[in-house]
>>> print(open('input13.cif').read())   # mmCIF, C-alpha atoms
data_model
#
loop_
_atom_site.label_atom_id
_atom_site.label_comp_id
_atom_site.auth_asym_id
_atom_site.auth_seq_id
_atom_site.Cartn_x
_atom_site.Cartn_y
_atom_site.Cartn_z
CA MET Q 1 110.10 118.35 95.04
CA GLN Q 2 112.69 120.70 93.48
CA MET Q 3 115.19 119.68 96.15
CA LEU Q 4 114.50 116.02 95.45
CA ASP Q 5 114.94 116.58 91.71
CA ALA Q 6 118.26 118.34 92.29
CA LEU Q 7 119.39 115.56 94.60
CA TYR Q 8 118.78 112.92 91.95
CA VAL Q 9 120.62 114.97 89.33
CA ILE Q 10 123.63 115.01 91.65
CA THR Q 11 123.15 111.29 92.26
CA LEU Q 12 123.24 110.54 88.54
CA ILE Q 13 126.29 112.77 87.99
CA SER Q 14 128.17 111.04 90.82
CA ALA Q 15 127.24 107.62 89.41
CA ALA Q 16 128.35 108.53 85.87
CA PHE Q 17 131.61 110.06 87.13
CA SER Q 18 132.48 107.03 89.25
CA LEU Q 19 131.51 104.54 86.55
CA GLY Q 20 133.57 106.35 83.93
CA GLY Q 21 136.59 106.73 86.20
CA LEU Q 22 136.57 103.09 87.22
CA THR Q 23 136.16 101.96 83.62
CA ASN Q 24 139.51 103.64 82.89
CA LEU Q 25 141.11 101.73 85.78
CA VAL Q 26 139.70 98.44 84.51
CA LEU Q 27 141.05 99.08 81.02
CA LEU Q 28 144.43 99.94 82.52
CA HIS Q 29 144.89 97.03 84.95
CA ARG Q 30 142.28 94.42 83.86
CA THR Q 31 142.03 92.65 87.22
CA ALA Q 32 139.06 90.68 88.56
CA VAL Q 33 138.70 92.84 91.67
CA LEU Q 34 138.34 95.98 89.58
CA ARG Q 35 135.79 94.30 87.30
CA SER Q 36 133.72 93.31 90.34
CA MET Q 37 133.82 96.87 91.63
CA LEU Q 38 132.89 98.15 88.16
CA LEU Q 39 129.80 95.93 88.08
CA PHE Q 40 128.93 97.12 91.59
CA LEU Q 41 129.10 100.75 90.45
CA LEU Q 42 127.16 99.89 87.29
CA SER Q 43 124.36 98.58 89.51
CA LEU Q 44 124.36 101.88 91.41
CA PHE Q 45 124.32 103.81 88.13
CA LEU Q 46 121.22 101.93 86.93
CA ILE Q 47 119.48 102.57 90.25
CA SER Q 48 120.48 106.25 90.14
CA LEU Q 49 119.22 106.55 86.56
CA SER Q 50 115.87 105.03 87.54
CA PHE Q 51 115.39 107.58 90.31
CA TYR Q 52 116.49 110.39 87.99
CA LEU Q 53 113.75 109.40 85.53
CA ASN Q 54 111.12 109.09 88.26
CA PRO Q 55 112.39 111.14 91.25
CA GLY Q 56 109.09 111.51 93.05
CA GLY Q 57 107.74 108.09 92.19
CA ASP Q 58 104.72 109.73 90.59
CA GLN Q 59 105.45 109.38 86.87
CA ALA Q 60 103.05 107.28 84.83
CA GLY Q 61 103.13 105.23 81.64
CA ALA Q 62 106.33 104.44 79.77
CA VAL Q 63 108.57 106.53 82.02
CA GLU Q 64 107.41 104.68 85.11
CA SER Q 65 107.93 101.31 83.40
CA ILE Q 66 111.44 102.19 82.21
CA ALA Q 67 112.39 103.56 85.62
CA TRP Q 68 111.13 100.43 87.35
CA LEU Q 69 112.97 98.08 84.98
CA LEU Q 70 116.17 100.08 85.46
CA SER Q 71 115.75 99.89 89.22
CA LEU Q 72 115.13 96.15 89.08
CA SER Q 73 118.13 95.62 86.77
CA GLY Q 74 120.38 97.65 89.05
CA SER Q 75 119.15 95.97 92.22
CA ALA Q 76 119.45 92.48 90.70
CA LEU Q 77 122.98 93.22 89.46
CA ASN Q 78 123.86 94.54 92.92
CA VAL Q 79 122.62 91.35 94.58
CA ALA Q 80 124.37 89.18 91.96
CA VAL Q 81 127.79 90.87 92.13
CA LEU Q 82 128.09 91.38 95.90
CA PRO Q 83 129.53 87.89 96.67
CA ALA Q 84 132.18 88.23 93.95
CA LEU Q 85 133.14 91.69 95.21
CA VAL Q 86 133.31 90.58 98.84
CA SER Q 87 135.27 87.49 97.82
CA SER Q 88 137.78 89.65 95.95
CA LEU Q 89 138.19 92.08 98.84
CA THR Q 90 138.49 89.44 101.57
CA ALA Q 91 140.57 86.73 99.84
CA LEU Q 92 137.81 84.18 100.52
CA PRO Q 93 137.13 81.88 97.55
CA ILE Q 94 133.52 81.06 96.66
CA GLY Q 95 132.73 77.35 96.52
CA LYS Q 96 130.47 75.75 93.91
CA PRO Q 97 127.59 75.01 96.36
CA PHE Q 98 127.44 78.69 97.33
CA ARG Q 99 127.55 79.79 93.69
CA VAL Q 100 124.61 77.54 92.86
CA ALA Q 101 122.65 78.71 95.91
CA HIS Q 102 123.37 82.35 95.12
CA ALA Q 103 122.28 81.90 91.49
CA ILE Q 104 118.95 80.55 92.75
CA TRP Q 105 118.68 83.45 95.25
CA THR Q 106 119.34 85.99 92.50
CA GLY Q 107 116.81 84.32 90.22
CA LEU Q 108 114.15 84.45 92.93
CA PHE Q 109 114.98 88.11 93.52
CA ILE Q 110 114.49 88.91 89.83
CA LEU Q 111 111.26 86.89 89.76
CA GLY Q 112 109.98 88.82 92.78
CA GLY Q 113 110.84 92.13 91.14
CA LEU Q 114 108.97 91.17 87.97
CA LEU Q 115 105.94 90.12 90.02
CA ILE Q 116 105.90 93.54 91.69
CA PHE Q 117 105.87 95.13 88.23
CA LEU Q 118 103.29 92.78 86.70
CA ALA Q 119 101.05 92.31 89.76
CA PRO Q 120 101.39 95.41 91.98
CA ALA Q 121 98.40 94.27 94.06
CA LEU Q 122 100.60 91.57 95.62
CA LEU Q 123 102.00 93.91 98.26
CA PHE Q 124 103.68 91.15 100.28
CA ILE Q 125 105.99 90.43 97.31
CA GLN Q 126 107.44 93.93 97.64
CA SER Q 127 108.26 93.28 101.29
CA VAL Q 128 109.90 89.95 100.43
CA VAL Q 129 112.06 91.48 97.69
CA MET Q 130 113.16 94.34 99.95
CA ILE Q 131 114.07 91.90 102.72
CA MET Q 132 116.06 89.80 100.22
CA GLN Q 133 118.07 92.83 99.12
CA LEU Q 134 118.71 93.95 102.68
CA SER Q 135 119.75 90.41 103.61
CA SER Q 136 122.22 90.26 100.71
CA ILE Q 137 123.83 93.55 101.70
CA ALA Q 138 123.86 92.62 105.39
CA ALA Q 139 125.58 89.32 104.57
CA GLY Q 140 128.25 91.13 102.57
CA VAL Q 141 128.86 93.69 105.32
CA GLY Q 142 128.96 90.87 107.86
CA VAL Q 143 131.62 88.91 105.96
CA LEU Q 144 133.72 92.05 105.45
CA THR Q 145 133.50 92.87 109.16
CA TRP Q 146 134.35 89.28 110.18
CA ARG Q 147 137.34 89.22 107.82
CA LEU Q 148 138.77 92.39 109.40
CA ARG Q 149 139.86 90.37 112.43
CA SER Q 150 142.46 88.48 110.42
CA ILE Q 151 143.90 91.38 108.39
CA ARG Q 152 147.42 92.21 109.53
CA ASN Q 153 148.35 94.55 106.70
CA SER Q 154 147.55 97.99 108.14
CA TRP Q 155 147.22 99.57 104.67
CA TRP Q 156 144.62 97.07 103.51
CA TYR Q 157 142.93 97.04 106.93
CA ARG Q 158 142.30 100.79 106.72
CA GLY Q 159 140.84 100.42 103.25
CA LEU Q 160 138.45 97.65 104.27
CA VAL Q 161 137.36 99.55 107.38
CA GLN Q 162 136.42 102.52 105.20
CA PHE Q 163 134.47 100.30 102.82
CA VAL Q 164 132.71 98.50 105.69
CA ILE Q 165 131.64 101.83 107.22
CA LEU Q 166 130.35 103.06 103.87
CA SER Q 167 128.48 99.80 103.24
CA GLY Q 168 127.08 99.81 106.77
CA LEU Q 169 125.68 103.28 106.23
CA PHE Q 170 124.08 102.04 103.01
CA LEU Q 171 122.44 99.21 104.92
CA LEU Q 172 121.08 101.66 107.49
CA LEU Q 173 119.80 104.22 104.98
CA LEU Q 174 118.35 101.62 102.62
CA GLY Q 175 116.58 99.96 105.53
CA LEU Q 176 115.19 103.33 106.61
CA ASP Q 177 113.98 104.11 103.10
CA MET Q 178 112.32 100.70 102.78
CA ALA Q 179 110.71 100.97 106.23
CA ILE Q 180 109.16 104.32 105.37
CA THR Q 181 107.90 102.88 102.07
CA LEU Q 182 106.32 99.79 103.59
CA VAL Q 183 105.09 101.27 106.88
CA PRO Q 184 104.43 105.02 106.69
CA ILE Q 185 106.04 106.74 109.68
CA PRO Q 186 104.72 110.32 110.06
CA ALA Q 187 107.74 111.47 112.06
CA LEU Q 188 110.06 110.33 109.26
CA SER Q 189 107.93 111.29 106.27
CA ALA Q 190 110.27 114.16 105.39
CA LEU Q 191 113.07 111.64 104.89
CA ASP Q 192 111.09 109.50 102.47
CA ARG Q 193 113.05 109.08 99.22
CA PHE Q 194 115.88 111.32 100.50
CA SER Q 195 117.91 108.75 102.43
CA LEU Q 196 118.67 106.53 99.43
CA PRO Q 197 119.97 109.26 97.06
CA VAL Q 198 122.17 110.64 99.85
CA TYR Q 199 123.65 107.18 100.25
CA LEU Q 200 124.05 106.71 96.50
CA ILE Q 201 126.04 109.91 96.21
CA ALA Q 202 128.29 108.85 99.10
CA ILE Q 203 128.76 105.25 97.91
CA ASN Q 204 129.42 106.30 94.31
CA PHE Q 205 132.18 108.74 95.20
CA GLY Q 206 133.35 106.63 98.13
CA SER Q 207 133.68 103.45 96.06
CA PHE Q 208 135.52 105.30 93.31
CA PHE Q 209 138.07 106.86 95.64
CA PHE Q 210 138.40 103.55 97.51
CA SER Q 211 139.20 101.90 94.17
CA VAL Q 212 141.71 104.58 93.21
CA ARG Q 213 143.44 104.35 96.60
CA TYR Q 214 143.36 100.61 97.27
CA LEU Q 215 142.53 98.72 94.06
CA SER Q 216 144.45 100.59 91.39
CA ARG Q 217 147.90 99.20 92.11
CA GLY Q 218 149.37 97.09 89.35
CA PRO Q 219 148.32 93.45 88.89
CA LEU Q 220 150.10 90.78 90.92
CA VAL Q 221 150.29 88.31 88.05
CA SER Q 222 150.69 88.88 84.33
CA GLY Q 223 150.42 85.77 82.19
CA SER Q 224 151.96 83.12 84.43
CA GLU Q 225 154.59 85.32 86.08
CA LEU Q 226 154.54 87.44 89.22
CA THR Q 227 154.88 91.13 88.44
CA GLY Q 228 157.51 93.43 89.87
CA ASP Q 229 154.72 95.25 91.74
CA CYS Q 230 153.77 92.00 93.45
CA ILE Q 231 157.32 91.15 94.48
CA SER Q 232 157.94 94.69 95.70
CA PHE Q 233 154.62 95.21 97.51
CA TYR Q 234 154.80 91.94 99.45
CA GLN Q 235 158.59 92.09 99.84
CA LEU Q 236 159.06 88.60 98.45
CA THR Q 237 162.47 86.96 98.35
CA PRO Q 238 163.61 85.41 95.03
CA ARG Q 239 162.99 81.94 96.50
CA GLU Q 240 159.48 82.87 97.66
CA ALA Q 241 158.64 84.33 94.24
CA GLU Q 242 159.92 81.16 92.55
CA LEU Q 243 157.92 78.99 94.93
CA ILE Q 244 154.70 80.97 94.34
CA SER Q 245 155.08 80.59 90.58
CA ILE Q 246 155.25 76.82 91.02
CA VAL Q 247 152.27 76.86 93.41
CA MET Q 248 150.22 78.60 90.71
CA GLU Q 249 150.91 75.61 88.44
CA GLY Q 250 149.11 73.38 90.95
CA ALA Q 251 152.21 71.55 92.19
CA SER Q 252 152.12 69.78 95.56
CA ASN Q 253 154.65 70.43 98.34
CA LYS Q 254 156.50 67.28 97.37
CA GLU Q 255 156.70 68.34 93.72
CA ILE Q 256 157.87 71.81 94.73
CA ALA Q 257 160.59 70.31 96.94
CA GLU Q 258 161.82 68.10 94.09
CA ARG Q 259 161.89 70.97 91.58
CA LEU Q 260 163.71 73.35 93.93
CA PHE Q 261 165.98 70.66 95.43
CA ILE Q 262 164.90 71.48 98.97
CA SER Q 263 163.19 69.49 101.71
CA ALA Q 264 159.42 69.35 102.16
CA LYS Q 265 159.87 71.03 105.54
CA THR Q 266 161.66 73.95 103.91
CA VAL Q 267 158.78 74.27 101.44
CA GLU Q 268 156.34 74.42 104.35
CA ASN Q 269 158.43 77.14 106.02
CA HIS Q 270 158.51 79.21 102.83
CA LEU Q 271 154.77 78.79 102.35
CA TYR Q 272 154.11 79.87 105.92
CA ASN Q 273 156.11 83.07 105.34
CA VAL Q 274 154.25 83.69 102.07
CA TYR Q 275 150.89 83.19 103.78
CA GLN Q 276 151.86 85.73 106.43
CA LYS Q 277 152.83 88.30 103.82
CA PHE Q 278 149.62 87.82 101.82
CA ASP Q 279 147.34 87.69 104.89
CA VAL Q 280 145.97 84.28 103.90
CA GLY Q 281 145.74 80.97 105.70
CA SER Q 282 145.94 78.41 102.92
CA ARG Q 283 147.16 77.61 99.43
CA THR Q 284 143.59 77.99 98.12
CA GLN Q 285 143.33 81.53 99.50
CA LEU Q 286 146.77 82.44 98.14
CA ILE Q 287 145.83 81.30 94.63
CA HIS Q 288 142.52 83.15 94.94
CA VAL Q 289 144.31 86.41 95.77
CA LEU Q 290 146.68 85.97 92.84
CA GLN Q 291 143.80 85.21 90.45
CA THR Q 292 141.80 88.18 91.77
CA TRP Q 293 144.68 90.53 91.00
CA LYS Q 294 145.79 88.82 87.77
CA ARG Q 295 145.96 90.78 84.53
CA ASP Q 296 143.75 89.05 81.97
#
>>> encode(input="input13.cif", output="structure tokens")
Amino acid sequence: MQMLDALYVITLISAAFSLGGLTNLVLLHRTAVLRSMLLFLLSLFLISLSFYLNPGGDQAGAVESIAWLLSLSGSALNVAVLPALVSSLTALPIGKPFRVAHAIWTGLFILGGLLIFLAPALLFIQSVVMIMQLSSIAAGVGVLTWRLRSIRNSWWYRGLVQFVILSGLFLLLLGLDMAITLVPIPALSALDRFSLPVYLIAINFGSFFFSVRYLSRGPLVSGSELTGDCISFYQLTPREAELISIVMEGASNKEIAERLFISAKTVENHLYNVYQKFDVGSRTQLIHVLQTWKRD
């Protein structure tokens, strides 16, 4: 038990360090992608804090209740923020139907967690909630992996590969921890409650250093203008930068052509080049990337 206690102390320290460090990045750059990552790390901090308060799962009374509510809050926040984080990292906008469906999914997850707390005799609810959390994480990892096929920017590709590997390990370790909890496996009993804190330490530090390396560059848009970092990073020509600024206003190709005194075909050629540089396939995805990295 002393080893487990020490492990959860390290888990909490790693969570607090990563949360504090990323908060500084958010205050500095104020982009949507960093806010999504901050909420993701906040969810891990709440989960880490719950295990720190009740490391062996054998506390009783108020401590057990507080630990459980922290765990539920962290898990629910994790489930809720994953689509936004994946959307930010993959340049895939989230449509309204999915947002509504995910809000219902998150609400059912929270309801299930409360039922576990209020009616612990309903053991099947615990299995359902665990499966819902695993499914949410698996879906996020799946989308990230699928998106890798279309990433041409080697710098961003390496970053996403690292995050996919880290998230995949989380899925494996969380699944192992849940399996041991639901179906006692004598051969793996020594790993019970150790796999999750090991992951939390890795994902806390890993997510922080991923953010510092790949998400801490300056915003692409400030106000309604492209930043110098954006123009430099994507190697945009003056005409491409001018065209993108007009696209952000919601102008059609015809309106862009009229404003720039060029043909519609030339607009299409410029947009194609811009899409290639941003690793996107449509105007919607381009605007989503710019909004994700916009300074608020």
>>> resolve_selection(input="input13.cif", expression="the PyMOL selection byres ((chain Q and resi 36) around 9)", output="list of chain:residue names")
Q:Thr31, Q:Ala32, Q:Val33, Q:Leu34, Q:Arg35, Q:Met37, Q:Leu38, Q:Leu39, Q:Phe40, Q:Leu41, Q:Val81, Q:Leu82, Q:Ala84, Q:Leu85, Q:Val86, Q:Ser88
>>> write_last_selection(input="input13.cif", atoms="C-alpha atoms", output="mmCIF file, in the coordinates of the input")
data_model
loop_
_atom_site.group_PDB
_atom_site.id
_atom_site.type_symbol
_atom_site.label_atom_id
_atom_site.label_comp_id
_atom_site.auth_asym_id
_atom_site.auth_seq_id
_atom_site.Cartn_x
_atom_site.Cartn_y
_atom_site.Cartn_z
ATOM 1 C CA THR Q 31 142.030 92.650 87.220
ATOM 2 C CA ALA Q 32 139.060 90.680 88.560
ATOM 3 C CA VAL Q 33 138.700 92.840 91.670
ATOM 4 C CA LEU Q 34 138.340 95.980 89.580
ATOM 5 C CA ARG Q 35 135.790 94.300 87.300
ATOM 6 C CA MET Q 37 133.820 96.870 91.630
ATOM 7 C CA LEU Q 38 132.890 98.150 88.160
ATOM 8 C CA LEU Q 39 129.800 95.930 88.080
ATOM 9 C CA PHE Q 40 128.930 97.120 91.590
ATOM 10 C CA LEU Q 41 129.100 100.750 90.450
ATOM 11 C CA VAL Q 81 127.790 90.870 92.130
ATOM 12 C CA LEU Q 82 128.090 91.380 95.900
ATOM 13 C CA ALA Q 84 132.180 88.230 93.950
ATOM 14 C CA LEU Q 85 133.140 91.690 95.210
ATOM 15 C CA VAL Q 86 133.310 90.580 98.840
ATOM 16 C CA SER Q 88 137.780 89.650 95.950
#
>>> resolve_selection(input="input13.cif", expression="the PyMOL selection byres ((chain Q and resi 129-135) around 12)", output="PyMOL selection string")
chain Q and resi 72+74-80+82+102+105-117+122-128+136-142+167-168+170-179+181-182
>>> resolve_selection(input="input13.cif", expression="the PyMOL selection byres ((chain Q and resi 282) around 12)", output="PyMOL selection string")
chain Q and resi 91-93+247+268+271-276+278-281+283-289
>>> atom_distance(input="input13.cif", atom1="CA of Ser154 in chain Q", atom2="CA of Ile201 in chain Q")
27.3 Å
>>> closest_residue(input="input13.cif", among="Q:Glu258, Q:Phe45, Q:Asp296, Q:Asn24", to="Thr11 in chain Q", atoms="only C-alpha atoms")
Q:Phe45
>>> atom_distance(input="input13.cif", atom1="CA of Leu53 in chain Q", atom2="CA of Phe209 in chain Q")
26.5 Å
>>> atom_distance(input="input13.cif", atom1="CA of Asn253 in chain Q", atom2="CA of Asn153 in chain Q")
26.3 Å
>>> residues_around(input="input13.cif", residues="Ser18 in chain Q", least_positions_apart="5", cutoff="7 Å", atoms="only C-alpha atoms", output="PyMOL selection string")
chain Q and resi 204-205+208
>>> closest_residue(input="input13.cif", among="Q:Pro120, Q:Pro238, Q:Gly95, Q:Gly228", to="His270 in chain Q", atoms="all atoms listed in the file")
Q:Pro238
>>> closest_residue(input="input13.cif", among="Q:Leu215, Q:Ala15, Q:Leu196, Q:Ile47", to="Ile180 in chain Q", atoms="all atoms listed in the file")
Q:Leu196
>>> closest_residue(input="input13.cif", among="Q:Phe194, Q:Phe163, Q:Tyr214, Q:Trp293", to="Leu226 in chain Q", atoms="all atoms listed in the file")
Q:Trp293
>>> closest_residue(input="input13.cif", among="Q:Val198, Q:Leu49, Q:Leu69, Q:Val100", to="Leu4 in chain Q", atoms="all atoms listed in the file")
Q:Val198
>>> decode(input="input13.cif", residues="range 15-86 of chain Q", atoms="C-alpha atoms", output="PDB file, in the first residue's frame")
ATOM      1  CA  ALA Q  15      -1.262  16.585 -12.813  1.00  0.00           C
ATOM      2  CA  ALA Q  16      -0.766  19.857 -10.902  1.00  0.00           C
ATOM      3  CA  PHE Q  17       2.478  20.610 -12.763  1.00  0.00           C
ATOM      4  CA  SER Q  18       0.934  19.998 -16.183  1.00  0.00           C
ATOM      5  CA  LEU Q  19      -2.248  21.912 -15.367  1.00  0.00           C
ATOM      6  CA  GLY Q  20      -0.298  24.899 -14.078  1.00  0.00           C
ATOM      7  CA  GLY Q  21       2.099  24.925 -17.017  1.00  0.00           C
ATOM      8  CA  LEU Q  22      -0.669  24.715 -19.584  1.00  0.00           C
ATOM      9  CA  THR Q  23      -2.644  27.444 -17.834  1.00  0.00           C
ATOM     10  CA  ASN Q  24       0.298  29.775 -18.498  1.00  0.00           C
ATOM     11  CA  LEU Q  25       0.233  28.823 -22.194  1.00  0.00           C
ATOM     12  CA  VAL Q  26      -3.508  29.487 -22.396  1.00  0.00           C
ATOM     13  CA  LEU Q  27      -3.090  32.914 -20.802  1.00  0.00           C
ATOM     14  CA  LEU Q  28      -0.276  33.669 -23.250  1.00  0.00           C
ATOM     15  CA  HIS Q  29      -1.874  32.542 -26.536  1.00  0.00           C
ATOM     16  CA  ARG Q  30      -5.625  32.231 -25.747  1.00  0.00           C
ATOM     17  CA  THR Q  31      -6.431  29.758 -28.533  1.00  0.00           C
ATOM     18  CA  ALA Q  32      -9.280  27.240 -28.605  1.00  0.00           C
ATOM     19  CA  VAL Q  33      -6.964  24.255 -29.048  1.00  0.00           C
ATOM     20  CA  LEU Q  34      -5.050  25.137 -25.891  1.00  0.00           C
ATOM     21  CA  ARG Q  35      -8.286  25.620 -23.941  1.00  0.00           C
ATOM     22  CA  SER Q  36      -9.469  22.170 -25.022  1.00  0.00           C
ATOM     23  CA  MET Q  37      -6.181  20.646 -23.901  1.00  0.00           C
ATOM     24  CA  LEU Q  38      -6.418  22.559 -20.606  1.00  0.00           C
ATOM     25  CA  LEU Q  39      -9.870  21.098 -19.920  1.00  0.00           C
ATOM     26  CA  PHE Q  40      -8.526  17.646 -20.812  1.00  0.00           C
ATOM     27  CA  LEU Q  41      -5.713  18.044 -18.271  1.00  0.00           C
ATOM     28  CA  LEU Q  42      -8.159  19.449 -15.712  1.00  0.00           C
ATOM     29  CA  SER Q  43     -10.176  16.237 -16.050  1.00  0.00           C
ATOM     30  CA  LEU Q  44      -7.019  14.223 -15.373  1.00  0.00           C
ATOM     31  CA  PHE Q  45      -6.209  16.427 -12.378  1.00  0.00           C
ATOM     32  CA  LEU Q  46      -9.639  15.770 -10.836  1.00  0.00           C
ATOM     33  CA  ILE Q  47      -9.246  12.031 -11.394  1.00  0.00           C
ATOM     34  CA  SER Q  48      -5.718  12.126  -9.924  1.00  0.00           C
ATOM     35  CA  LEU Q  49      -6.965  14.079  -6.903  1.00  0.00           C
ATOM     36  CA  SER Q  50      -9.726  11.530  -6.298  1.00  0.00           C
ATOM     37  CA  PHE Q  51      -7.226   8.667  -6.244  1.00  0.00           C
ATOM     38  CA  TYR Q  52      -4.885  10.667  -4.021  1.00  0.00           C
ATOM     39  CA  LEU Q  53      -7.692  11.071  -1.471  1.00  0.00           C
ATOM     40  CA  ASN Q  54      -8.669   7.405  -1.664  1.00  0.00           C
ATOM     41  CA  PRO Q  55      -5.627   5.524  -3.065  1.00  0.00           C
ATOM     42  CA  GLY Q  56      -6.618   2.055  -1.944  1.00  0.00           C
ATOM     43  CA  GLY Q  57     -10.332   2.465  -2.487  1.00  0.00           C
ATOM     44  CA  ASP Q  58     -10.922   1.586   1.153  1.00  0.00           C
ATOM     45  CA  GLN Q  59     -11.693   4.973   2.707  1.00  0.00           C
ATOM     46  CA  ALA Q  60     -15.143   5.443   4.201  1.00  0.00           C
ATOM     47  CA  GLY Q  61     -17.530   8.294   4.917  1.00  0.00           C
ATOM     48  CA  ALA Q  62     -16.958  11.836   3.665  1.00  0.00           C
ATOM     49  CA  VAL Q  63     -13.550  11.112   2.137  1.00  0.00           C
ATOM     50  CA  GLU Q  64     -14.959   8.306   0.008  1.00  0.00           C
ATOM     51  CA  SER Q  65     -17.860  10.510  -1.127  1.00  0.00           C
ATOM     52  CA  ILE Q  66     -15.592  13.425  -2.054  1.00  0.00           C
ATOM     53  CA  ALA Q  67     -13.181  11.131  -3.880  1.00  0.00           C
ATOM     54  CA  TRP Q  68     -16.009   9.543  -5.844  1.00  0.00           C
ATOM     55  CA  LEU Q  69     -17.535  12.890  -6.831  1.00  0.00           C
ATOM     56  CA  LEU Q  70     -14.121  14.141  -7.949  1.00  0.00           C
ATOM     57  CA  SER Q  71     -13.621  10.994 -10.006  1.00  0.00           C
ATOM     58  CA  LEU Q  72     -17.060  11.342 -11.586  1.00  0.00           C
ATOM     59  CA  SER Q  73     -16.479  15.045 -12.320  1.00  0.00           C
ATOM     60  CA  GLY Q  74     -13.102  14.325 -13.899  1.00  0.00           C
ATOM     61  CA  SER Q  75     -14.387  11.386 -15.940  1.00  0.00           C
ATOM     62  CA  ALA Q  76     -17.458  13.327 -17.118  1.00  0.00           C
ATOM     63  CA  LEU Q  77     -15.310  16.317 -18.111  1.00  0.00           C
ATOM     64  CA  ASN Q  78     -12.960  13.951 -19.953  1.00  0.00           C
ATOM     65  CA  VAL Q  79     -15.843  12.436 -21.916  1.00  0.00           C
ATOM     66  CA  ALA Q  80     -17.328  15.891 -22.608  1.00  0.00           C
ATOM     67  CA  VAL Q  81     -14.128  17.570 -23.836  1.00  0.00           C
ATOM     68  CA  LEU Q  82     -12.682  14.745 -25.959  1.00  0.00           C
ATOM     69  CA  PRO Q  83     -14.624  15.600 -29.166  1.00  0.00           C
ATOM     70  CA  ALA Q  84     -13.601  19.263 -28.977  1.00  0.00           C
ATOM     71  CA  LEU Q  85      -9.965  18.306 -28.408  1.00  0.00           C
ATOM     72  CA  VAL Q  86      -9.946  15.777 -31.245  1.00  0.00           C
TER      73      VAL Q  86
END
